[in-house]
>>> print(open('final29.cif').read())   # mmCIF, C-alpha atoms and all ligand atoms
data_target
#
loop_
_atom_site.label_atom_id
_atom_site.label_comp_id
_atom_site.auth_asym_id
_atom_site.auth_seq_id
_atom_site.Cartn_x
_atom_site.Cartn_y
_atom_site.Cartn_z
CA MET W 274 -13.65 -24.19 27.52
CA ALA W 275 -13.54 -20.70 29.12
CA PRO W 276 -15.12 -17.94 27.01
CA LEU W 277 -12.62 -15.76 25.13
CA ASP W 278 -12.07 -12.22 26.36
CA ALA W 279 -12.52 -9.22 24.05
CA ILE W 280 -8.98 -9.09 22.74
CA ALA W 281 -8.85 -12.86 22.25
CA ARG W 282 -12.07 -12.64 20.22
CA THR W 283 -10.28 -10.45 17.66
CA SER W 284 -8.61 -13.69 16.52
CA LEU W 285 -12.06 -14.81 15.33
CA LEU W 286 -12.46 -11.60 13.35
CA THR W 287 -9.16 -12.27 11.59
CA ALA W 288 -10.29 -15.84 10.84
CA ALA W 289 -13.55 -14.45 9.43
CA LEU W 290 -11.66 -12.02 7.20
CA ARG W 291 -9.45 -14.87 5.94
CA ALA W 292 -12.40 -17.19 5.34
CA LYS W 293 -14.11 -14.45 3.32
CA GLU W 294 -10.96 -13.74 1.33
CA THR W 295 -10.63 -17.43 0.52
CA GLU W 296 -14.07 -17.36 -1.14
CA ARG W 297 -13.09 -14.59 -3.57
CA PRO W 298 -12.18 -15.54 -7.15
CA ASP W 299 -9.44 -12.85 -7.03
CA ARG W 300 -8.20 -13.87 -3.54
CA LEU W 301 -4.66 -12.92 -2.54
CA TYR W 302 -4.15 -16.21 -0.66
CA GLU W 303 -6.03 -19.33 0.33
CA ASP W 304 -6.76 -20.21 3.94
CA PRO W 305 -9.11 -23.19 3.68
CA LEU W 306 -9.04 -23.84 7.43
CA ALA W 307 -10.14 -20.33 8.37
CA ALA W 308 -13.85 -21.14 7.92
CA ARG W 309 -13.58 -23.75 10.70
CA LEU W 310 -12.15 -21.16 13.10
CA VAL W 311 -14.60 -18.28 12.72
CA GLY W 312 -17.54 -19.30 14.92
CA ALA W 313 -20.69 -17.21 15.18
CA LEU W 314 -18.81 -14.46 17.00
CA GLY W 315 -16.26 -14.03 14.22
CA GLY W 316 -19.00 -13.63 11.62
CA ASP W 317 -20.74 -11.04 13.76
CA LEU W 318 -17.53 -9.06 14.28
CA LEU W 319 -16.77 -9.13 10.57
CA GLY W 320 -20.26 -7.78 9.87
CA GLN W 321 -19.65 -4.87 12.24
CA VAL W 322 -16.21 -4.10 10.81
CA ALA W 323 -17.40 -4.34 7.19
CA ASP W 324 -20.29 -1.99 8.00
CA ALA W 325 -17.87 0.52 9.53
CA SER W 326 -15.41 0.33 6.60
CA GLY W 327 -15.81 2.17 3.30
CA PRO W 328 -17.35 5.58 2.58
CA ARG W 329 -19.07 7.36 5.47
CA HIS W 330 -22.71 8.26 4.96
CA THR W 331 -24.87 11.02 6.32
CA ASP W 332 -27.80 9.67 8.29
CA PRO W 333 -30.83 9.15 6.08
CA GLY W 334 -33.68 11.46 7.08
CA GLN W 335 -37.23 11.93 5.90
CA GLY W 336 -37.06 12.13 2.12
CA ASP W 337 -33.23 12.12 2.32
CA PRO W 338 -31.59 8.82 1.36
CA GLY W 339 -28.30 9.99 2.90
CA HIS W 340 -25.11 10.47 0.89
CA ASP W 341 -21.38 9.81 1.03
CA VAL W 342 -19.41 12.44 2.93
CA PRO W 343 -16.62 13.64 0.60
CA GLY W 344 -13.17 12.90 1.97
CA GLN W 345 -14.54 10.70 4.75
CA LYS W 346 -13.68 7.17 3.77
CA VAL W 347 -12.74 4.63 6.42
CA PRO W 348 -9.65 2.72 5.23
CA SER W 349 -10.75 -0.73 4.12
CA THR W 350 -10.11 -3.35 6.80
CA VAL W 351 -11.06 -6.11 4.37
CA ASP W 352 -8.47 -5.05 1.79
CA PHE W 353 -5.86 -4.26 4.41
CA ASN W 354 -6.21 -7.65 6.02
CA ALA W 355 -5.93 -9.41 2.65
CA ILE W 356 -2.77 -7.47 1.79
CA ARG W 357 -1.29 -7.90 5.26
CA THR W 358 -1.78 -11.67 5.26
CA ARG W 359 -0.32 -12.07 1.78
CA TYR W 360 2.56 -9.70 2.51
CA PHE W 361 3.58 -11.63 5.63
CA ASP W 362 3.03 -15.00 3.90
CA ASP W 363 5.50 -13.91 1.22
CA TYR W 364 7.86 -12.41 3.78
CA LEU W 365 8.03 -15.52 5.97
CA LEU W 366 8.47 -17.90 3.06
CA THR W 367 11.17 -15.76 1.44
CA GLN W 368 13.10 -15.39 4.68
CA VAL W 369 12.97 -19.10 5.45
CA THR W 370 13.96 -20.02 1.89
CA ASP W 371 16.75 -17.45 1.56
CA GLY W 372 17.88 -17.09 5.15
CA GLY W 373 17.16 -20.57 6.46
CA TYR W 374 15.63 -19.42 9.75
CA PRO W 375 14.90 -22.66 11.60
CA GLN W 376 12.78 -20.98 14.29
CA VAL W 377 9.62 -18.99 13.56
CA VAL W 378 7.79 -17.31 16.44
CA MET W 379 4.22 -16.17 15.91
CA VAL W 380 3.58 -13.68 18.71
CA ALA W 381 -0.19 -13.57 19.34
CA ALA W 382 -0.76 -16.33 16.78
CA GLY W 383 -4.53 -16.36 17.26
CA MET W 384 -6.24 -18.41 14.54
CA ASP W 385 -3.26 -18.10 12.20
CA THR W 386 -2.93 -21.29 10.13
CA ARG W 387 0.45 -20.77 8.49
CA ALA W 388 1.76 -23.96 10.12
CA TYR W 389 -0.93 -25.82 8.18
CA ARG W 390 -1.07 -23.99 4.89
CA LEU W 391 2.25 -22.46 3.80
CA PRO W 392 4.60 -24.48 1.58
CA TRP W 393 7.65 -24.16 3.84
CA THR W 394 10.79 -24.98 1.88
CA ARG W 395 13.01 -25.83 4.85
CA PRO W 396 12.43 -27.38 8.26
CA VAL W 397 10.95 -24.88 10.74
CA GLU W 398 10.05 -25.10 14.37
CA LEU W 399 7.00 -22.85 14.52
CA PHE W 400 6.18 -21.49 17.98
CA GLU W 401 2.66 -20.12 18.44
CA LEU W 402 2.20 -17.83 21.44
CA ASP W 403 -1.26 -16.71 22.51
CA ARG W 404 -3.69 -16.95 25.39
CA PRO W 405 -4.29 -20.60 26.38
CA GLY W 406 -8.03 -20.31 25.60
CA VAL W 407 -7.35 -19.15 22.05
CA LEU W 408 -4.96 -21.99 21.29
CA GLU W 409 -7.33 -24.53 22.86
CA ALA W 410 -10.23 -23.25 20.76
CA LYS W 411 -8.07 -23.48 17.65
CA GLU W 412 -6.95 -27.02 18.38
CA SER W 413 -10.48 -28.12 19.17
CA ALA W 414 -11.70 -26.70 15.81
CA LEU W 415 -8.82 -28.14 13.78
CA GLY W 416 -8.77 -31.56 15.46
CA ASP W 417 -5.99 -33.70 14.07
CA GLU W 418 -5.48 -31.63 10.93
CA PRO W 419 -1.87 -32.26 9.90
CA VAL W 420 0.65 -29.41 9.73
CA ARG W 421 2.57 -28.92 6.49
CA GLN W 422 5.63 -30.92 5.67
CA ARG W 423 8.80 -29.68 7.41
CA VAL W 424 6.85 -27.95 10.23
CA THR W 425 7.07 -28.76 13.91
CA ARG W 426 4.32 -26.71 15.58
CA ARG W 427 4.75 -25.74 19.22
CA PRO W 428 1.69 -23.98 20.71
CA ILE W 429 2.40 -22.15 23.98
CA GLY W 430 -0.46 -20.69 26.03
CA VAL W 431 0.79 -17.51 27.75
CA ASP W 432 0.02 -13.93 28.69
CA LEU W 433 2.35 -11.82 26.56
CA LEU W 434 2.14 -9.02 29.10
CA GLY W 435 3.09 -11.29 31.99
CA PRO W 436 6.62 -12.11 33.14
CA ASP W 437 6.71 -15.80 32.21
CA TRP W 438 6.23 -16.13 28.47
CA THR W 439 9.92 -15.88 27.61
CA ASP W 440 10.74 -18.77 29.96
CA ALA W 441 7.82 -20.76 28.55
CA LEU W 442 9.16 -20.22 25.03
CA VAL W 443 12.63 -21.44 25.98
CA THR W 444 11.18 -24.40 27.87
CA ALA W 445 9.25 -25.31 24.70
CA GLY W 446 12.55 -25.58 22.82
CA TYR W 447 13.29 -22.07 21.53
CA ARG W 448 17.03 -21.42 21.32
CA PRO W 449 17.80 -17.71 21.86
CA GLU W 450 21.34 -18.05 20.58
CA GLU W 451 20.18 -19.16 17.11
CA PRO W 452 18.62 -16.91 14.45
CA SER W 453 14.86 -16.64 14.49
CA LEU W 454 12.03 -15.08 12.54
CA TRP W 455 9.29 -13.27 14.46
CA LEU W 456 5.85 -12.01 13.47
CA LEU W 457 3.68 -9.71 15.59
CA GLU W 458 0.57 -9.43 13.40
CA GLY W 459 -2.65 -7.74 14.46
CA LEU W 460 -1.35 -7.06 17.95
CA LEU W 461 0.51 -3.84 18.70
CA TYR W 462 -2.41 -1.38 18.44
CA TYR W 463 -4.33 -3.32 21.12
CA LEU W 464 -1.49 -2.59 23.56
CA THR W 465 -0.61 0.67 25.28
CA ASP W 466 2.60 2.32 24.16
CA ASP W 467 4.35 1.05 27.31
CA GLU W 468 3.10 -2.50 26.75
CA ALA W 469 4.09 -2.47 23.08
CA ARG W 470 7.56 -1.22 23.98
CA GLN W 471 7.96 -3.80 26.74
CA LEU W 472 7.03 -6.53 24.27
CA LEU W 473 9.39 -5.27 21.56
CA SER W 474 12.16 -5.07 24.10
CA ARG W 475 11.65 -8.66 25.23
CA VAL W 476 11.45 -9.90 21.64
CA ALA W 477 14.69 -8.07 20.87
CA ASP W 478 16.35 -9.65 23.92
CA LEU W 479 15.37 -13.12 22.72
CA ALA W 480 16.36 -12.57 19.09
CA ALA W 481 20.00 -13.38 18.23
CA PRO W 482 21.79 -10.91 15.92
CA GLY W 483 20.65 -11.49 12.34
CA SER W 484 17.16 -12.53 13.42
CA ARG W 485 14.23 -10.86 11.68
CA ILE W 486 11.20 -9.26 13.24
CA ALA W 487 8.02 -8.18 11.44
CA ALA W 488 4.85 -6.49 12.66
CA ASP W 489 2.00 -4.31 11.56
CA MET W 490 1.14 -1.09 13.33
CA VAL W 491 -0.79 2.14 12.84
CA SER W 492 0.32 5.76 12.93
CA ALA W 493 -0.38 7.76 16.10
CA THR W 494 -2.82 9.98 14.19
CA THR W 495 -4.92 6.95 13.28
CA LEU W 496 -6.19 6.82 16.86
CA THR W 497 -7.81 10.25 16.57
CA ALA W 498 -8.45 10.61 12.82
CA PRO W 499 -12.15 11.36 12.11
CA ALA W 500 -12.02 9.14 9.00
CA VAL W 501 -11.15 6.10 11.13
CA ALA W 502 -13.58 6.85 13.97
CA PRO W 503 -16.37 4.46 12.87
CA LEU W 504 -13.91 1.55 12.84
CA LEU W 505 -12.35 2.51 16.17
CA GLU W 506 -15.84 2.66 17.67
CA VAL W 507 -16.43 -0.99 16.76
CA PHE W 508 -13.35 -2.08 18.70
CA GLU W 509 -14.14 0.26 21.58
CA ARG W 510 -17.66 -1.17 21.79
CA GLN W 511 -16.25 -4.69 21.78
CA GLY W 512 -14.01 -3.89 24.75
CA CYS W 513 -10.70 -3.98 22.87
CA PRO W 514 -9.95 -0.39 21.86
CA TRP W 515 -6.90 0.52 19.81
CA LEU W 516 -4.49 2.04 22.28
CA SER W 517 -1.26 2.93 20.56
CA GLY W 518 0.31 3.93 17.27
CA HIS W 519 3.59 5.34 16.09
CA ASP W 520 4.40 7.70 13.21
CA GLU W 521 7.96 6.47 12.71
CA PRO W 522 8.12 2.67 13.01
CA GLU W 523 11.74 2.61 11.86
CA ALA W 524 12.76 4.88 14.77
CA LEU W 525 10.71 2.84 17.24
CA PHE W 526 12.28 -0.45 16.16
CA ALA W 527 15.77 1.14 16.17
CA GLU W 528 15.35 1.82 19.90
CA TYR W 529 15.34 -1.96 20.36
CA GLY W 530 18.31 -2.68 18.09
CA ILE W 531 16.19 -3.60 15.07
CA GLU W 532 17.04 -1.96 11.74
CA ALA W 533 13.64 -1.85 10.10
CA GLU W 534 11.78 -0.57 7.09
CA ALA W 535 8.09 0.17 6.94
CA VAL W 536 5.82 -0.17 3.93
CA GLN W 537 2.28 1.11 3.57
CA PRO W 538 -0.39 -0.93 1.80
CA GLY W 539 -0.80 0.52 -1.67
CA GLU W 540 2.93 1.10 -2.10
CA GLU W 541 4.48 -0.96 -4.87
CA SER W 542 5.62 -3.92 -2.75
CA ALA W 543 2.32 -4.09 -0.87
CA HIS W 544 -0.37 -3.37 -3.43
CA TYR W 545 -1.23 -6.70 -5.08
CA GLY W 546 -3.71 -4.83 -7.28
CA ARG W 547 -5.97 -4.50 -4.30
CA TRP W 548 -5.47 -1.31 -2.25
CA PRO W 549 -8.37 1.01 -2.99
CA ASP W 550 -7.17 4.28 -1.46
CA PRO W 551 -4.52 6.92 -2.16
CA VAL W 552 -1.30 6.35 -0.23
CA HIS W 553 -0.15 9.30 1.86
CA PRO W 554 3.56 9.93 1.19
CA ARG W 555 5.60 9.55 4.36
CA HIS W 556 6.53 13.25 4.52
CA VAL W 557 2.87 14.24 4.98
CA PRO W 558 2.43 14.64 8.74
CA ASP W 559 -0.53 13.74 10.91
CA VAL W 560 -2.48 11.33 8.74
CA GLU W 561 -3.97 7.91 9.35
CA ARG W 562 -1.71 5.11 8.15
CA VAL W 563 -1.08 1.43 8.59
CA PHE W 564 2.43 0.07 8.30
CA LEU W 565 3.88 -3.33 7.49
CA VAL W 566 7.23 -3.28 9.24
CA HIS W 567 10.15 -5.68 9.07
CA GLY W 568 13.71 -5.50 10.22
CA VAL W 569 16.91 -7.22 11.25
CA ARG W 570 18.15 -7.54 14.82
CA LYS W 571 21.61 -5.98 14.95
N1 LIG P 601 -1.74 -12.78 14.66
C1 LIG P 601 -3.00 -13.47 14.50
C2 LIG P 601 -3.51 -13.35 13.09
O1 LIG P 601 -3.08 -12.43 12.37
O2 LIG P 601 -4.33 -14.17 12.71
C3 LIG P 601 -4.04 -13.02 15.51
C4 LIG P 601 -4.39 -11.57 15.52
S1 LIG P 601 -5.71 -11.20 16.62
C5 LIG P 601 -6.26 -9.72 15.87
C6 LIG P 601 -4.90 -10.63 18.11
C7 LIG P 601 -4.42 -11.76 18.98
O3 LIG P 601 -3.62 -11.19 20.03
C8 LIG P 601 -5.52 -12.54 19.70
O4 LIG P 601 -5.42 -13.90 19.36
C9 LIG P 601 -5.25 -12.30 21.19
O5 LIG P 601 -5.57 -13.40 22.01
C10 LIG P 601 -3.76 -12.01 21.17
N2 LIG P 601 -3.32 -11.28 22.36
C11 LIG P 601 -3.53 -10.00 22.67
N3 LIG P 601 -3.00 -9.70 23.87
C12 LIG P 601 -2.43 -10.84 24.35
C13 LIG P 601 -1.73 -11.17 25.52
N4 LIG P 601 -1.52 -10.27 26.49
N5 LIG P 601 -1.28 -12.43 25.67
C14 LIG P 601 -1.48 -13.35 24.70
N6 LIG P 601 -2.14 -13.09 23.55
C15 LIG P 601 -2.61 -11.85 23.38
#
>>> encode(input="final29.cif", output="structure tokens", more="lines below")
Ligand code: SAM
Amino acid sequence: MAPLDAIARTSLLTAALRAKETERPDRLYEDPLAARLVGALGGDLLGQVADASGPRHTDPGQGDPGHDVPGQKVPSTVDFNAIRTRYFDDYLLTQVTDGGYPQVVMVAAGMDTRAYRLPWTRPVELFELDRPGVLEAKESALGDEPVRQRVTRRPIGVDLLGPDWTDALVTAGYRPEEPSLWLLEGLLYYLTDDEARQLLSRVADLAAPGSRIAADMVSATTLTAPAVAPLLEVFERQGCPWLSGHDEPEALFAEYGIEAEAVQPGEESAHYGRWPDPVHPRHVPDVERVFLVHGVRK
């Protein structure tokens, strides 16, 4: 199997975060398959990210043990990832139960195991798009693990920045004229603004009116905020820097005909008793933020 490139390896980091969460007595969800998907690389990446998260310290010097720098706390990737996974688990299940979306498209599915672990209440065709190497590695680790009842899983190895993935999706059975539910999780900040927009535009073209589209993203300021720098350095060092963010996700999605709302972890619907930091109100400009966004294709 070809080695995974830097951005593909981030799927192992997400698996490592989910495996770790699954071990916690107060876990927000259970992903029992995640531990099989981490590999040595995923554990190493998680170590680097966990080290970079939390309070920043001054360097210890002779006779100086170092101390926390007031006001310099890196937002917790571990807690964010737990909340994000649970939030989108709940979102997907609610939409399928209430809205009856028969097609679910995981854009950049990585080591996501929702086809195998969520209690889907209605039949879903679940399309997983990612680089071929990522999907092969996942299948090799999961072997003949059965998907959950009511799921038909359709893995599709593609380059999401290339011209052919939309055709590949349709060839695999996706029906653009029928309502669909889309998730772009852990993806947009690895793309340039142009690439993210091109992807949103193509998703919007494929999504029939009434379809739903969800994603996470960061604010533009996050890319330059000193408090986030240690975390950004980890991704930069790995060869997959964060490249884009947007302060007004609702306005961005509206450009592509998607009426969206954005929630920040720590707000009431995305807290789960877990978010450790203050939440910046939306009217405060120029601060680091992450958003959980979801909307309807008009
Ligand atoms: N959504 C998954 C999850 O939450 O578990 C995976 C997130 S992982 C952080 C990012 C994923 O984006 C990787 O699996 C990577 O291969 C995929 N990705 C990034 N750029 C891509 C591209 N141009 N084509 C296909 N996949 C891409």
>>> atom_distance(input="final29.cif", atom1="atom CA of W:Glu528", atom2="atom CA of W:Val397")
28.6 Å
>>> closest_atom_pairs(input="final29.cif", of="chain W", to="ligand LIG 601 (chain P)", cutoff="8 Å", atoms="all atoms listed in the file", output="CSV")
residue,atom,partner,partner_atom,distance
W:Asp278,CA,P:LIG601,O5,7.9
W:Ile280,CA,P:LIG601,C9,5.2
W:Ala281,CA,P:LIG601,O5,3.3
W:Arg282,CA,P:LIG601,C8,6.6
W:Thr283,CA,P:LIG601,C5,4.5
W:Ser284,CA,P:LIG601,S1,3.8
W:Leu285,CA,P:LIG601,S1,7.4
W:Leu286,CA,P:LIG601,C5,7.0
W:Thr287,CA,P:LIG601,O2,5.3
W:Ala288,CA,P:LIG601,O2,6.5
W:Thr358,CA,P:LIG601,O1,7.3
W:Met379,CA,P:LIG601,N1,7.0
W:Val380,CA,P:LIG601,N1,6.7
W:Ala381,CA,P:LIG601,O3,4.2
W:Ala382,CA,P:LIG601,N1,4.2
W:Gly383,CA,P:LIG601,O4,3.4
W:Met384,CA,P:LIG601,O2,5.0
W:Asp385,CA,P:LIG601,O2,4.1
W:Thr386,CA,P:LIG601,O2,7.7
W:Leu402,CA,P:LIG601,C14,6.7
W:Asp403,CA,P:LIG601,N6,3.9
W:Arg404,CA,P:LIG601,C14,4.3
W:Pro405,CA,P:LIG601,C14,8.0
W:Val407,CA,P:LIG601,O5,6.0
W:Gly430,CA,P:LIG601,C14,7.5
W:Val431,CA,P:LIG601,C14,5.6
W:Asp432,CA,P:LIG601,N5,3.6
W:Leu433,CA,P:LIG601,N5,3.8
W:Leu434,CA,P:LIG601,N4,4.7
W:Gly435,CA,P:LIG601,N4,7.2
W:Leu456,CA,P:LIG601,N1,7.7
W:Leu457,CA,P:LIG601,N1,6.3
W:Glu458,CA,P:LIG601,N1,4.3
W:Gly459,CA,P:LIG601,C4,4.3
W:Leu460,CA,P:LIG601,C6,5.0
W:Tyr463,CA,P:LIG601,C11,6.9
W:Leu464,CA,P:LIG601,N3,7.3
>>> write_last_selection(input="final29.cif", atoms="C-alpha atoms", output="compact mmCIF listing (two decimals), in the coordinates of the input")
# COMPACT_ATOMS: atom_id res chain seq x y z
CA ASP W 278 -12.07 -12.22 26.36
CA ILE W 280 -8.98 -9.09 22.74
CA ALA W 281 -8.85 -12.86 22.25
CA ARG W 282 -12.07 -12.64 20.22
CA THR W 283 -10.28 -10.45 17.66
CA SER W 284 -8.61 -13.69 16.52
CA LEU W 285 -12.06 -14.81 15.33
CA LEU W 286 -12.46 -11.60 13.35
CA THR W 287 -9.16 -12.27 11.59
CA ALA W 288 -10.29 -15.84 10.84
CA THR W 358 -1.78 -11.67 5.26
CA MET W 379 4.22 -16.17 15.91
CA VAL W 380 3.58 -13.68 18.71
CA ALA W 381 -0.19 -13.57 19.34
CA ALA W 382 -0.76 -16.33 16.78
CA GLY W 383 -4.53 -16.36 17.26
CA MET W 384 -6.24 -18.41 14.54
CA ASP W 385 -3.26 -18.10 12.20
CA THR W 386 -2.93 -21.29 10.13
CA LEU W 402 2.20 -17.83 21.44
CA ASP W 403 -1.26 -16.71 22.51
CA ARG W 404 -3.69 -16.95 25.39
CA PRO W 405 -4.29 -20.60 26.38
CA VAL W 407 -7.35 -19.15 22.05
CA GLY W 430 -0.46 -20.69 26.03
CA VAL W 431 0.79 -17.51 27.75
CA ASP W 432 0.02 -13.93 28.69
CA LEU W 433 2.35 -11.82 26.56
CA LEU W 434 2.14 -9.02 29.10
CA GLY W 435 3.09 -11.29 31.99
CA LEU W 456 5.85 -12.01 13.47
CA LEU W 457 3.68 -9.71 15.59
CA GLU W 458 0.57 -9.43 13.40
CA GLY W 459 -2.65 -7.74 14.46
CA LEU W 460 -1.35 -7.06 17.95
CA TYR W 463 -4.33 -3.32 21.12
CA LEU W 464 -1.49 -2.59 23.56
>>> residues_near_point(input="final29.cif", point="(-11.6, -28.5, 13.0)", cutoff="10 Å", atoms="all atoms listed in the file", output="mmCIF file with C-alpha atoms, in the coordinates of the input")
data_model
loop_
_atom_site.group_PDB
_atom_site.id
_atom_site.type_symbol
_atom_site.label_atom_id
_atom_site.label_comp_id
_atom_site.auth_asym_id
_atom_site.auth_seq_id
_atom_site.Cartn_x
_atom_site.Cartn_y
_atom_site.Cartn_z
ATOM 1 C CA LEU W 306 -9.040 -23.840 7.430
ATOM 2 C CA ALA W 307 -10.140 -20.330 8.370
ATOM 3 C CA ALA W 308 -13.850 -21.140 7.920
ATOM 4 C CA ARG W 309 -13.580 -23.750 10.700
ATOM 5 C CA LEU W 310 -12.150 -21.160 13.100
ATOM 6 C CA ALA W 410 -10.230 -23.250 20.760
ATOM 7 C CA LYS W 411 -8.070 -23.480 17.650
ATOM 8 C CA GLU W 412 -6.950 -27.020 18.380
ATOM 9 C CA SER W 413 -10.480 -28.120 19.170
ATOM 10 C CA ALA W 414 -11.700 -26.700 15.810
ATOM 11 C CA LEU W 415 -8.820 -28.140 13.780
ATOM 12 C CA GLY W 416 -8.770 -31.560 15.460
ATOM 13 C CA ASP W 417 -5.990 -33.700 14.070
ATOM 14 C CA GLU W 418 -5.480 -31.630 10.930
#
>>> residues_around(input="final29.cif", residues="W:Arg387", least_positions_apart="5", cutoff="12 Å", atoms="all atoms listed in the file", output="ChimeraX atom specification")
/W:291,302-307,358-359,361-363,365-366,377-379,382,392-393,397,399-401,419-422,424-426,456
>>> atom_distance(input="final29.cif", atom1="atom CA of W:Asp466", atom2="atom CA of W:Leu516")
7.3 Å
>>> closest_residue(input="final29.cif", among="W:Ile531, W:Val552, W:Leu318, W:Leu301", to="W:Ala480", atoms="only C-alpha atoms")
W:Ile531
>>> closest_residue(input="final29.cif", among="W:Gln321, W:Thr465, W:Thr350, W:Gln376", to="W:Arg423", atoms="all atoms listed in the file")
W:Gln376
>>> closest_residue(input="final29.cif", among="W:Pro452, W:Gly312, W:Gly568, W:Pro396", to="W:Ala527", atoms="only C-alpha atoms")
W:Gly568
>>> decode(input="final29.cif", residues="stretch 437-448 of chain W", atoms="N, CA, C and O atoms", output="mmCIF file, in the first residue's frame")
data_model
loop_
_atom_site.group_PDB
_atom_site.id
_atom_site.type_symbol
_atom_site.label_atom_id
_atom_site.label_comp_id
_atom_site.auth_asym_id
_atom_site.auth_seq_id
_atom_site.Cartn_x
_atom_site.Cartn_y
_atom_site.Cartn_z
ATOM 1 N N ASP W 437 -12.748 14.969 -11.303
ATOM 2 C CA ASP W 437 -13.540 13.761 -11.592
ATOM 3 C C ASP W 437 -14.398 13.233 -10.459
ATOM 4 O O ASP W 437 -15.160 12.286 -10.640
ATOM 5 N N TRP W 438 -14.263 13.806 -9.247
ATOM 6 C CA TRP W 438 -14.926 13.135 -8.120
ATOM 7 C C TRP W 438 -16.450 13.194 -8.222
ATOM 8 O O TRP W 438 -17.136 12.278 -7.777
ATOM 9 N N THR W 439 -16.974 14.231 -8.842
ATOM 10 C CA THR W 439 -18.440 14.327 -8.920
ATOM 11 C C THR W 439 -18.976 13.213 -9.835
ATOM 12 O O THR W 439 -19.980 12.574 -9.525
ATOM 13 N N ASP W 440 -18.282 12.978 -10.941
ATOM 14 C CA ASP W 440 -18.689 11.878 -11.837
ATOM 15 C C ASP W 440 -18.569 10.539 -11.114
ATOM 16 O O ASP W 440 -19.437 9.666 -11.248
ATOM 17 N N ALA W 441 -17.474 10.385 -10.358
ATOM 18 C CA ALA W 441 -17.262 9.112 -9.650
ATOM 19 C C ALA W 441 -18.388 8.871 -8.643
ATOM 20 O O ALA W 441 -18.856 7.735 -8.467
ATOM 21 N N LEU W 442 -18.833 9.945 -8.009
ATOM 22 C CA LEU W 442 -19.913 9.819 -7.024
ATOM 23 C C LEU W 442 -21.212 9.369 -7.710
ATOM 24 O O LEU W 442 -21.899 8.455 -7.234
ATOM 25 N N VAL W 443 -21.497 9.982 -8.841
ATOM 26 C CA VAL W 443 -22.730 9.625 -9.566
ATOM 27 C C VAL W 443 -22.623 8.193 -10.094
ATOM 28 O O VAL W 443 -23.576 7.402 -10.003
ATOM 29 N N THR W 444 -21.451 7.847 -10.603
ATOM 30 C CA THR W 444 -21.254 6.478 -11.103
ATOM 31 C C THR W 444 -21.460 5.453 -9.980
ATOM 32 O O THR W 444 -21.955 4.348 -10.210
ATOM 33 N N ALA W 445 -21.102 5.862 -8.750
ATOM 34 C CA ALA W 445 -21.254 4.931 -7.613
ATOM 35 C C ALA W 445 -22.704 4.830 -7.146
ATOM 36 O O ALA W 445 -22.999 4.089 -6.211
ATOM 37 N N GLY W 446 -23.598 5.618 -7.755
ATOM 38 C CA GLY W 446 -25.013 5.466 -7.419
ATOM 39 C C GLY W 446 -25.669 6.687 -6.810
ATOM 40 O O GLY W 446 -26.865 6.671 -6.515
ATOM 41 N N TYR W 447 -24.903 7.763 -6.600
ATOM 42 C CA TYR W 447 -25.488 8.980 -6.019
ATOM 43 C C TYR W 447 -26.466 9.596 -7.007
ATOM 44 O O TYR W 447 -26.174 9.706 -8.196
ATOM 45 N N ARG W 448 -27.617 10.012 -6.501
ATOM 46 C CA ARG W 448 -28.660 10.593 -7.348
ATOM 47 C C ARG W 448 -28.815 12.078 -7.015
ATOM 48 O O ARG W 448 -29.422 12.428 -5.987
#
